[in-house]
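S.K.: Contents of work_33.csv (CSV, C-alpha atoms):
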chain,number,residue,atom,x,y,z
A,234,MET,CA,107.1,118.6,108.9
A,235,ASN,CA,104.5,117.6,111.5
A,236,LYS,CA,104.6,114.4,113.4
A,237,LEU,CA,102.1,112.5,111.2
A,238,ASP,CA,104.1,113.5,108.0
A,239,LYS,CA,107.3,112.3,109.6
A,240,ASN,CA,105.7,109.0,110.5
A,241,ILE,CA,104.6,108.5,106.9
A,242,VAL,CA,108.0,109.4,105.5
A,243,SER,CA,109.7,107.0,108.0
A,244,ARG,CA,107.2,104.2,107.1
A,245,ALA,CA,107.9,104.6,103.4
A,246,SER,CA,111.6,104.6,104.0
A,247,LYS,CA,111.4,101.4,106.1
A,248,SER,CA,109.3,99.7,103.3
A,249,ARG,CA,111.9,100.7,100.7
A,250,LEU,CA,114.7,99.2,102.9
A,251,ARG,CA,112.7,96.0,103.4
A,252,THR,CA,112.1,95.9,99.6
A,253,TRP,CA,115.8,96.3,98.9
A,254,LEU,CA,116.8,93.6,101.3
A,255,LYS,CA,114.2,91.3,99.7
A,256,ILE,CA,115.6,92.0,96.2
A,257,LEU,CA,119.1,91.3,97.4
A,258,LYS,CA,118.1,88.1,99.2
A,259,THR,CA,116.2,86.7,96.3
A,260,SER,CA,119.0,87.6,93.9
A,261,ASN,CA,121.6,85.8,96.1
A,262,LEU,CA,119.4,82.8,96.6
A,263,ILE,CA,118.8,82.2,92.8
A,264,GLU,CA,122.5,83.0,91.9
A,265,LYS,CA,123.7,80.5,94.5
A,266,GLN,CA,121.5,77.8,93.0
A,267,ILE,CA,122.6,78.6,89.5
A,268,LYS,CA,126.3,78.4,90.6
A,269,GLU,CA,125.7,75.0,92.2
A,270,LYS,CA,123.8,73.6,89.2
A,271,LEU,CA,126.5,74.8,86.8
A,272,ARG,CA,129.1,73.1,88.9
A,273,ASP,CA,127.2,69.9,89.7
A,274,GLU,CA,125.4,69.3,86.4
A,275,HIS,CA,127.8,70.9,83.9
A,276,ASN,CA,131.2,71.1,85.7
A,277,THR,CA,131.5,74.8,84.9
A,278,THR,CA,131.4,78.2,86.7
A,279,LEU,CA,129.2,81.3,86.5
A,280,PRO,CA,132.0,83.6,85.3
A,281,ARG,CA,132.7,81.1,82.5
A,282,PHE,CA,129.0,81.0,81.6
A,283,ASP,CA,128.9,84.8,81.6
A,284,VAL,CA,132.0,85.1,79.4
A,285,MET,CA,130.5,82.6,76.9
A,286,SER,CA,127.2,84.4,77.0
A,287,ALA,CA,128.8,87.7,76.2
A,288,LEU,CA,130.7,86.1,73.3
A,289,TYR,CA,127.5,84.4,72.1
A,290,ARG,CA,125.7,87.7,71.9
A,291,SER,CA,128.4,89.3,69.8
A,292,SER,CA,128.6,87.7,66.3
A,293,SER,CA,131.9,89.5,65.4
A,294,GLY,CA,133.8,88.7,68.6
A,295,LEU,CA,135.0,90.8,71.5
A,296,LYS,CA,138.3,92.3,72.6
A,297,MET,CA,139.5,91.3,76.1
A,298,ASN,CA,138.7,94.7,77.6
A,299,GLU,CA,135.2,94.5,76.1
A,300,ILE,CA,134.6,91.2,77.8
A,301,SER,CA,135.8,92.5,81.1
A,302,GLY,CA,133.7,95.6,80.6
A,303,VAL,CA,130.6,93.5,80.1
A,304,LEU,CA,131.3,91.4,83.1
A,305,LYS,CA,132.8,93.9,85.5
A,306,VAL,CA,135.4,91.5,86.8
A,307,SER,CA,139.1,91.9,86.7
A,308,ASN,CA,141.1,91.4,83.4
A,309,GLY,CA,143.2,88.8,85.2
A,310,ASN,CA,140.3,86.5,85.8
A,311,ILE,CA,139.0,86.9,82.2
A,312,THR,CA,142.5,85.9,80.9
A,313,GLY,CA,142.4,82.6,82.8
A,314,ILE,CA,138.9,81.8,81.7
A,315,ILE,CA,139.7,82.6,78.0
A,316,ASP,CA,143.0,80.5,78.2
A,317,ARG,CA,141.0,77.5,79.4
A,318,LEU,CA,138.2,78.0,76.8
A,319,VAL,CA,140.9,78.2,74.0
A,320,LYS,CA,142.6,75.0,75.3
A,321,GLU,CA,139.2,73.2,75.1
A,322,GLY,CA,138.5,74.4,71.6
A,323,HIS,CA,135.5,76.5,72.7
A,324,VAL,CA,137.1,79.8,71.8
A,325,LEU,CA,139.5,81.2,69.2
A,326,ARG,CA,141.8,84.2,69.4
A,327,VAL,CA,141.8,86.1,66.0
A,328,ALA,CA,144.3,88.8,65.1
A,329,ILE,CA,142.8,92.3,64.4
A,330,GLU,CA,144.2,93.9,61.2
A,331,GLY,CA,146.1,97.0,62.0
A,332,ASP,CA,146.2,96.4,65.7
A,333,ARG,CA,149.1,94.2,66.8
A,334,ARG,CA,148.5,94.7,70.5
A,335,SER,CA,145.1,93.0,70.9
A,336,ASN,CA,143.1,90.1,69.6
A,337,LEU,CA,139.4,89.4,69.0
A,338,VAL,CA,138.0,86.5,71.0
A,339,LYS,CA,135.3,84.5,69.3
A,340,LEU,CA,133.3,81.3,70.1
A,341,THR,CA,134.1,78.3,67.8
A,342,ASN,CA,131.2,76.2,66.5
A,343,LYS,CA,131.9,73.8,69.3
A,344,GLY,CA,131.8,76.7,71.8
A,345,ILE,CA,128.4,77.9,70.3
A,346,ARG,CA,126.9,74.4,70.7
A,347,GLN,CA,128.3,74.1,74.3
A,348,PHE,CA,126.9,77.5,75.3
A,349,GLU,CA,123.5,76.7,73.8
A,350,GLU,CA,123.4,73.6,75.9
A,351,TYR,CA,124.3,75.6,79.1
A,352,ALA,CA,121.7,78.3,78.1
A,353,GLY,CA,118.9,75.8,77.6
A,354,ALA,CA,119.6,74.2,81.0
A,355,HIS,CA,119.8,77.7,82.6
A,356,GLU,CA,116.5,78.8,81.2
A,357,ALA,CA,114.9,75.5,82.4
A,358,TRP,CA,116.3,76.0,85.9
A,359,ILE,CA,114.9,79.5,86.1
A,360,ASN,CA,111.6,78.3,84.8
A,361,VAL,CA,111.3,76.0,87.8
A,362,MET,CA,112.8,78.4,90.4
A,363,LEU,CA,110.3,81.1,89.3
A,364,LYS,CA,107.4,78.8,88.7
A,365,ASN,CA,105.2,80.8,91.1
A,366,ILE,CA,105.5,83.8,88.8
A,367,SER,CA,102.8,83.9,86.2
A,368,GLU,CA,103.3,85.8,83.0
A,369,GLN,CA,101.2,88.7,84.3
A,370,ASN,CA,103.3,88.9,87.5
A,371,SER,CA,106.5,88.8,85.4
A,372,HIS,CA,105.4,92.0,83.8
A,373,ILE,CA,104.4,93.6,87.1
A,374,LEU,CA,107.8,92.6,88.6
A,375,ILE,CA,109.8,93.8,85.5
A,376,ASP,CA,107.9,97.2,85.4
A,377,LEU,CA,108.5,97.8,89.2
A,378,LEU,CA,112.2,96.9,88.9
A,379,ASP,CA,112.6,99.0,85.8
A,380,SER,CA,111.2,102.0,87.7
A,381,ILE,CA,114.1,101.4,90.2
A,382,SER,CA,116.9,100.8,87.6
A,383,GLU,CA,115.9,103.7,85.3
A,384,ILE,CA,116.9,106.3,88.0
A,385,ASN,CA,120.0,104.4,89.1
A,386,ARG,CA,121.9,103.8,85.9
A,387,SER,CA,125.6,104.5,86.1
B,205,MET,CA,101.5,68.9,74.1
B,206,ASN,CA,100.0,70.7,71.1
B,207,LYS,CA,101.7,73.6,69.3
B,208,LEU,CA,99.6,76.3,71.1
B,209,ASP,CA,100.4,74.8,74.5
B,210,LYS,CA,104.1,74.7,73.7
B,211,ASN,CA,104.1,78.3,72.6
B,212,ILE,CA,102.4,79.3,75.9
B,213,VAL,CA,104.9,77.3,78.0
B,214,SER,CA,107.9,78.8,76.0
B,215,ARG,CA,106.5,82.3,76.4
B,216,ALA,CA,106.1,81.9,80.2
B,217,SER,CA,109.6,80.5,80.4
B,218,LYS,CA,111.1,83.5,78.5
B,219,SER,CA,109.2,85.9,80.8
B,220,ARG,CA,110.6,84.2,83.8
B,221,LEU,CA,114.1,84.4,82.4
B,222,ARG,CA,113.7,88.1,81.7
B,223,THR,CA,112.3,88.6,85.2
B,224,TRP,CA,115.4,86.8,86.7
B,225,LEU,CA,117.8,88.9,84.6
B,226,LYS,CA,116.0,92.1,85.7
B,227,ILE,CA,116.2,91.1,89.4
B,228,LEU,CA,119.9,90.4,89.0
B,229,LYS,CA,120.6,93.6,87.2
B,230,THR,CA,118.7,95.7,89.7
B,231,SER,CA,120.4,94.0,92.6
B,232,ASN,CA,123.9,94.5,91.1
B,233,LEU,CA,123.1,98.2,90.3
B,234,ILE,CA,122.0,99.1,93.8
B,235,GLU,CA,124.8,97.0,95.5
B,236,LYS,CA,127.4,98.8,93.3
B,237,GLN,CA,126.1,102.2,94.4
B,238,ILE,CA,126.0,101.2,98.1
B,239,LYS,CA,129.7,100.0,97.8
B,240,GLU,CA,130.7,103.3,96.2
B,241,LYS,CA,128.9,105.4,98.8
B,242,LEU,CA,130.3,103.4,101.7
B,243,ARG,CA,133.8,103.9,100.3
B,244,ASP,CA,133.4,107.5,99.3
B,245,GLU,CA,131.3,108.9,102.1
B,246,HIS,CA,132.3,106.6,105.0
B,247,ASN,CA,135.7,105.2,104.0
B,248,THR,CA,134.4,101.6,104.6
B,249,THR,CA,133.4,98.5,102.8
B,250,LEU,CA,130.3,96.4,102.3
B,251,PRO,CA,131.7,93.2,104.0
B,252,ARG,CA,132.7,95.4,107.0
B,253,PHE,CA,129.2,96.9,107.1
B,254,ASP,CA,127.7,93.4,106.9
B,255,VAL,CA,129.8,92.1,109.7
B,256,MET,CA,128.9,95.1,111.9
B,257,SER,CA,125.2,94.6,111.0
B,258,ALA,CA,125.3,91.0,112.0
B,259,LEU,CA,127.0,91.9,115.4
B,260,TYR,CA,124.5,94.8,115.9
B,261,ARG,CA,121.5,92.4,115.6
B,262,SER,CA,123.0,90.0,118.1
B,263,SER,CA,123.0,91.5,121.6
B,264,SER,CA,125.1,88.7,123.2
B,265,GLY,CA,127.8,88.6,120.5
B,266,LEU,CA,128.7,86.0,117.9
B,267,LYS,CA,131.4,83.4,117.4
B,268,MET,CA,133.6,83.7,114.4
B,269,ASN,CA,132.0,80.8,112.6
B,270,GLU,CA,128.5,82.3,113.3
B,271,ILE,CA,129.6,85.6,111.6
B,272,SER,CA,130.9,83.8,108.5
B,273,GLY,CA,127.8,81.6,108.5
B,274,VAL,CA,125.6,84.8,108.4
B,275,LEU,CA,127.8,86.4,105.7
B,276,LYS,CA,128.7,83.3,103.5
B,277,VAL,CA,132.2,84.6,103.0
B,278,SER,CA,135.4,82.8,104.0
B,279,ASN,CA,136.6,82.7,107.6
B,280,GLY,CA,139.9,84.3,106.4
B,281,ASN,CA,138.2,87.5,105.3
B,282,ILE,CA,136.2,87.8,108.4
B,283,THR,CA,139.4,87.4,110.6
B,284,GLY,CA,141.0,90.4,108.8
B,285,ILE,CA,137.8,92.5,109.2
B,286,ILE,CA,137.5,91.7,112.9
B,287,ASP,CA,141.2,92.4,113.5
B,288,ARG,CA,140.8,95.9,112.1
B,289,LEU,CA,137.6,96.5,114.0
B,290,VAL,CA,139.3,95.5,117.2
B,291,LYS,CA,142.2,97.8,116.5
B,292,GLU,CA,139.9,100.7,115.9
B,293,GLY,CA,138.0,100.0,119.2
B,294,HIS,CA,134.7,99.1,117.4
B,295,VAL,CA,134.7,95.5,118.4
B,296,LEU,CA,135.8,93.4,121.5
B,297,ARG,CA,136.9,89.7,121.7
B,298,VAL,CA,135.4,88.2,124.9
B,299,ALA,CA,136.4,84.8,126.3
B,300,ILE,CA,133.7,82.1,126.5
B,301,GLU,CA,133.6,80.3,129.8
B,302,GLY,CA,134.4,76.6,129.4
B,303,ASP,CA,135.5,77.1,125.7
B,304,ARG,CA,139.1,77.9,125.4
B,305,ARG,CA,139.3,77.5,121.7
B,306,SER,CA,136.9,80.3,120.6
B,307,ASN,CA,135.9,83.9,121.6
B,308,LEU,CA,132.7,85.8,121.3
B,309,VAL,CA,132.9,88.9,119.2
B,310,LYS,CA,130.8,92.0,120.3
B,311,LEU,CA,130.4,95.6,119.2
B,312,THR,CA,131.7,98.2,121.7
B,313,ASN,CA,129.6,101.3,122.5
B,314,LYS,CA,131.8,103.1,120.0
B,315,GLY,CA,131.1,100.3,117.4
B,316,ILE,CA,127.3,100.6,118.1
B,317,ARG,CA,127.4,104.3,117.5
B,318,GLN,CA,129.5,103.9,114.3
B,319,PHE,CA,127.2,101.2,112.9
B,320,GLU,CA,124.1,103.3,113.7
B,321,GLU,CA,125.6,106.1,111.7
B,322,TYR,CA,126.3,103.8,108.7
B,323,ALA,CA,122.8,102.2,109.0
B,324,GLY,CA,121.1,105.6,109.0
B,325,ALA,CA,123.1,106.7,105.9
B,326,HIS,CA,122.3,103.3,104.2
B,327,GLU,CA,118.6,103.7,104.8
B,328,ALA,CA,118.6,107.2,103.4
B,329,TRP,CA,120.5,106.1,100.2
B,330,ILE,CA,118.0,103.3,99.7
B,331,ASN,CA,115.1,105.7,100.3
B,332,VAL,CA,116.4,107.8,97.4
B,333,MET,CA,117.4,104.9,95.1
B,334,LEU,CA,113.9,103.4,95.5
B,335,LYS,CA,112.0,106.7,95.5
B,336,ASN,CA,109.9,105.5,92.6
B,337,ILE,CA,108.5,102.7,94.7
B,338,SER,CA,105.4,103.7,96.7
B,339,GLU,CA,104.5,101.9,99.9
B,340,GLN,CA,101.8,99.9,98.1
B,341,ASN,CA,104.3,98.9,95.4
B,342,SER,CA,106.8,97.9,98.1
B,343,HIS,CA,104.2,95.4,99.3
B,344,ILE,CA,103.5,94.1,95.8
B,345,LEU,CA,107.3,93.6,95.1
B,346,ILE,CA,108.0,92.0,98.5
B,347,ASP,CA,105.0,89.6,98.0
B,348,LEU,CA,106.1,88.5,94.5
B,349,LEU,CA,109.8,88.1,95.6
B,350,ASP,CA,108.6,86.1,98.6
B,351,SER,CA,106.7,83.7,96.3
B,352,ILE,CA,110.1,83.1,94.6
B,353,SER,CA,112.2,82.8,97.7
B,354,GLU,CA,109.8,80.5,99.6
B,355,ILE,CA,110.3,77.7,97.1
B,356,ASN,CA,114.1,78.2,96.8
B,357,ARG,CA,115.3,78.2,100.4
B,358,SER,CA,118.4,76.2,100.9
Could you express the structure from this file as structure tokens?

M.R.:
Amino acid sequence: MNKLDKNIVSRASKSRLRTWLKILKTSNLIEKQIKEKLRDEHNTTLPRFDVMSALYRSSSGLKMNEISGVLKVSNGNITGIIDRLVKEGHVLRVAIEGDRRSNLVKLTNKGIRQFEEYAGAHEAWINVMLKNISEQNSHILIDLLDSISEINRS
Amino acid sequence: MNKLDKNIVSRASKSRLRTWLKILKTSNLIEKQIKEKLRDEHNTTLPRFDVMSALYRSSSGLKMNEISGVLKVSNGNITGIIDRLVKEGHVLRVAIEGDRRSNLVKLTNKGIRQFEEYAGAHEAWINVMLKNISEQNSHILIDLLDSISEINRS
């Protein structure tokens, strides 16, 4: 590789590094604000919101290990979160026929209404935080980020 | 607001939500791979890499609370990381004249060489993970993400 080629490679590499650091920074910035708003305006936490979101998307309910698979957090944490949701009447544990070792976890109607309230607030926050992004720019951003994630799936 | 206007507002809001979820997913995907590579190829961790990175960027050294300020993790974690780096000879604690309660933390020459090795590997990984992003697209991505972060600074 001659010197000019090396410079171009190095410049592209530095651009990619800057791009990654900007993705990380933006992600952390938005996530931090979502955590604060969930705590201050809804007295709840992001892991709890994520657990309810996973349950909301599954009509038939989820096993404990399926919830932790979706969330990539430890089983221990999930157990504490589910225990509290059960106590509050937002979640039910349902026996699985023919499987005495595990339960299905489902949102109750109360839990569904509660999550819909959180989700509506969450979408409204994001709509404000990303207000500088037009619909056209949304598509550009999603396409570029897709081109990164499609070669990095685990 | 008439029905057509409401539909347009709702569509933009959904696009922004999808954009945020894509930013988060991409960020988590890349971070997960960096963590795995730091562990598997360099037997180290991301918080340790971040601490060394903060120290590398500061020629005069940092106080403990400055390091935790940069990293937004608890002082307790930082103390354990610094203790190990000191033991390995990568970091030195230096007394501050006129301040008996706190030390400056600095990378040793060995620590500088070690971090430069990590940082070179890190840049090379990112260069591969973001290989689909041309220099022009890097600029587009950075500009769009900047337009988000500039209105969300804390």

S.K.: Show me, as a PyMOL selection string, the residues that have an atom within 12 Å of B:Ile355 when counting only C-alpha atoms, minus same-chain residues fewer than 6 positions from it.

M.R.: (chain A and resi 259+262-263+266+361-366) or (chain B and resi 348-349)

S.K.: Mind dumping the selected residues with C-alpha atoms as a compact mmCIF listing (two decimals), in the frame of the given file?

M.R.:
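Dumped to part10.txt:
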# COMPACT_ATOMS: atom_id res chain seq x y z
CA THR A 259 116.20 86.70 96.30
CA LEU A 262 119.40 82.80 96.60
CA ILE A 263 118.80 82.20 92.80
CA GLN A 266 121.50 77.80 93.00
CA VAL A 361 111.30 76.00 87.80
CA MET A 362 112.80 78.40 90.40
CA LEU A 363 110.30 81.10 89.30
CA LYS A 364 107.40 78.80 88.70
CA ASN A 365 105.20 80.80 91.10
CA ILE A 366 105.50 83.80 88.80
CA LEU B 348 106.10 88.50 94.50
CA LEU B 349 109.80 88.10 95.60

S.K.: Edge lengths and centre, in Å to one decimal, as AutoDock Vina command-line options: that's what I need for the box along x, y and z that holds all listed atoms of stretch 307-318 of chain B plus 8 Å on each side.

M.R.:
--center_x 131.6 --center_y 94.1 --center_z 118.4 --size_x 24.6 --size_y 36.4 --size_z 24.2

S.K.: Using all atoms listed in the file and a distance of at most 8 Å, pull out the residues of chain A that contact chain B, as an MDAnalysis selection string.

M.R.: chainID A and resid 245:253 255:257 259:260 262:263 356:357 359:360 362:368 370:372 374:375 377:382 384:387

S.K.: Quote the spacing between atom CA of B:Leu259 and atom CA of B:Asp287 in Å to one decimal place.

M.R.: 14.3 Å

S.K.: Once chain A is superposed on chain B with a least-squares fit on all C-alpha pairs taken in order, can you show it as a short mmCIF file (atom, residue, chain, number, x, y, z; two decimals) with C-alpha atoms, keeping the file's coordinate frame?

M.R.:
data_model
loop_
_atom_site.label_atom_id
_atom_site.label_comp_id
_atom_site.auth_asym_id
_atom_site.auth_seq_id
_atom_site.Cartn_x
_atom_site.Cartn_y
_atom_site.Cartn_z
CA MET A 234 101.47 68.93 74.10
CA ASN A 235 100.06 70.71 71.04
CA LYS A 236 101.75 73.55 69.34
CA LEU A 237 99.72 76.34 71.01
CA ASP A 238 100.45 74.81 74.53
CA LYS A 239 104.13 74.67 73.73
CA ASN A 240 104.11 78.29 72.63
CA ILE A 241 102.51 79.32 75.92
CA VAL A 242 104.94 77.29 77.99
CA SER A 243 107.91 78.77 76.03
CA ARG A 244 106.49 82.34 76.47
CA ALA A 245 106.16 81.87 80.22
CA SER A 246 109.63 80.48 80.45
CA LYS A 247 111.10 83.43 78.49
CA SER A 248 109.22 85.91 80.83
CA ARG A 249 110.62 84.13 83.89
CA LEU A 250 114.19 84.39 82.42
CA ARG A 251 113.68 88.08 81.63
CA THR A 252 112.34 88.56 85.20
CA TRP A 253 115.38 86.85 86.68
CA LEU A 254 117.81 88.88 84.68
CA LYS A 255 115.96 92.05 85.76
CA ILE A 256 116.20 91.04 89.45
CA LEU A 257 119.88 90.34 89.08
CA LYS A 258 120.56 93.60 87.24
CA THR A 259 118.72 95.73 89.70
CA SER A 260 120.39 93.96 92.62
CA ASN A 261 123.89 94.58 91.12
CA LEU A 262 123.12 98.15 90.28
CA ILE A 263 121.97 99.10 93.87
CA GLU A 264 124.81 97.03 95.53
CA LYS A 265 127.39 98.79 93.36
CA GLN A 266 126.08 102.17 94.45
CA ILE A 267 126.01 101.18 98.07
CA LYS A 268 129.66 99.95 97.82
CA GLU A 269 130.73 103.25 96.27
CA LYS A 270 128.87 105.39 98.84
CA LEU A 271 130.34 103.38 101.72
CA ARG A 272 133.78 103.91 100.32
CA ASP A 273 133.42 107.54 99.25
CA GLU A 274 131.29 108.91 102.09
CA HIS A 275 132.32 106.65 104.99
CA ASN A 276 135.71 105.13 103.98
CA THR A 277 134.44 101.62 104.67
CA THR A 278 133.48 98.42 102.76
CA LEU A 279 130.30 96.37 102.34
CA PRO A 280 131.72 93.25 104.03
CA ARG A 281 132.66 95.43 107.02
CA PHE A 282 129.16 96.94 107.08
CA ASP A 283 127.66 93.45 106.90
CA VAL A 284 129.87 92.12 109.72
CA MET A 285 128.89 95.10 111.93
CA SER A 286 125.27 94.65 111.03
CA ALA A 287 125.31 91.03 112.02
CA LEU A 288 126.98 91.94 115.34
CA TYR A 289 124.46 94.76 115.87
CA ARG A 290 121.57 92.37 115.53
CA SER A 291 122.95 89.98 118.11
CA SER A 292 122.96 91.54 121.63
CA SER A 293 125.07 88.69 123.16
CA GLY A 294 127.79 88.59 120.49
CA LEU A 295 128.73 86.07 117.84
CA LYS A 296 131.39 83.41 117.43
CA MET A 297 133.62 83.74 114.33
CA ASN A 298 131.96 80.81 112.55
CA GLU A 299 128.55 82.36 113.25
CA ILE A 300 129.60 85.57 111.60
CA SER A 301 130.93 83.77 108.59
CA GLY A 302 127.78 81.69 108.49
CA VAL A 303 125.65 84.81 108.38
CA LEU A 304 127.71 86.37 105.70
CA LYS A 305 128.67 83.39 103.59
CA VAL A 306 132.19 84.59 102.99
CA SER A 307 135.36 82.86 103.89
CA ASN A 308 136.63 82.73 107.56
CA GLY A 309 139.88 84.29 106.38
CA ASN A 310 138.25 87.47 105.25
CA ILE A 311 136.13 87.73 108.46
CA THR A 312 139.38 87.43 110.53
CA GLY A 313 140.93 90.44 108.80
CA ILE A 314 137.82 92.53 109.13
CA ILE A 315 137.43 91.65 112.88
CA ASP A 316 141.23 92.37 113.50
CA ARG A 317 140.80 95.84 112.01
CA LEU A 318 137.52 96.53 113.91
CA VAL A 319 139.27 95.47 117.22
CA LYS A 320 142.27 97.75 116.46
CA GLU A 321 139.83 100.69 115.98
CA GLY A 322 137.98 99.99 119.19
CA HIS A 323 134.74 99.10 117.37
CA VAL A 324 134.76 95.49 118.47
CA LEU A 325 135.84 93.42 121.47
CA ARG A 326 136.85 89.77 121.66
CA VAL A 327 135.40 88.16 124.89
CA ALA A 328 136.46 84.77 126.21
CA ILE A 329 133.66 82.11 126.42
CA GLU A 330 133.62 80.25 129.78
CA GLY A 331 134.37 76.63 129.29
CA ASP A 332 135.49 76.99 125.73
CA ARG A 333 139.17 77.91 125.39
CA ARG A 334 139.25 77.50 121.63
CA SER A 335 136.90 80.32 120.56
CA ASN A 336 135.88 83.81 121.51
CA LEU A 337 132.67 85.85 121.31
CA VAL A 338 132.92 88.97 119.17
CA LYS A 339 130.85 91.90 120.31
CA LEU A 340 130.40 95.58 119.22
CA THR A 341 131.73 98.17 121.77
CA ASN A 342 129.61 101.24 122.48
CA LYS A 343 131.74 103.09 120.00
CA GLY A 344 131.13 100.32 117.43
CA ILE A 345 127.28 100.53 118.09
CA ARG A 346 127.31 104.32 117.51
CA GLN A 347 129.48 103.92 114.33
CA PHE A 348 127.18 101.24 112.90
CA GLU A 349 124.07 103.31 113.65
CA GLU A 350 125.59 106.13 111.71
CA TYR A 351 126.37 103.80 108.71
CA ALA A 352 122.80 102.30 109.00
CA GLY A 353 121.09 105.67 108.97
CA ALA A 354 123.06 106.75 105.88
CA HIS A 355 122.30 103.36 104.22
CA GLU A 356 118.60 103.62 104.81
CA ALA A 357 118.64 107.22 103.42
CA TRP A 358 120.49 106.08 100.30
CA ILE A 359 117.98 103.34 99.65
CA ASN A 360 115.16 105.73 100.24
CA VAL A 361 116.39 107.85 97.35
CA MET A 362 117.43 104.95 95.05
CA LEU A 363 113.93 103.42 95.46
CA LYS A 364 112.04 106.65 95.50
CA ASN A 365 109.84 105.50 92.59
CA ILE A 366 108.49 102.71 94.78
CA SER A 367 105.45 103.73 96.71
CA GLU A 368 104.49 101.92 99.86
CA GLN A 369 101.81 99.95 98.01
CA ASN A 370 104.33 98.85 95.35
CA SER A 371 106.80 97.85 98.10
CA HIS A 372 104.27 95.36 99.29
CA ILE A 373 103.50 94.10 95.79
CA LEU A 374 107.27 93.70 95.11
CA ILE A 375 107.95 91.98 98.53
CA ASP A 376 104.95 89.54 98.07
CA LEU A 377 106.10 88.59 94.47
CA LEU A 378 109.71 88.07 95.61
CA ASP A 379 108.61 86.11 98.64
CA SER A 380 106.66 83.76 96.35
CA ILE A 381 110.05 83.13 94.58
CA SER A 382 112.22 82.77 97.75
CA GLU A 383 109.74 80.55 99.66
CA ILE A 384 110.28 77.65 97.14
CA ASN A 385 114.02 78.22 96.83
CA ARG A 386 115.25 78.21 100.39
CA SER A 387 118.38 76.18 100.98
#

S.K.: Excluding stretch 251-254 of chain B and any residue of its chain fewer than 2 positions from it, enumerate the residues within 12 Å of it, using all atoms listed in the file, and give them as a PyMOL selection string.

M.R.: chain B and resi 235+238-239+241-243+246-249+256-261+271-278+281-289+294-295+315-316+318-323+325-326
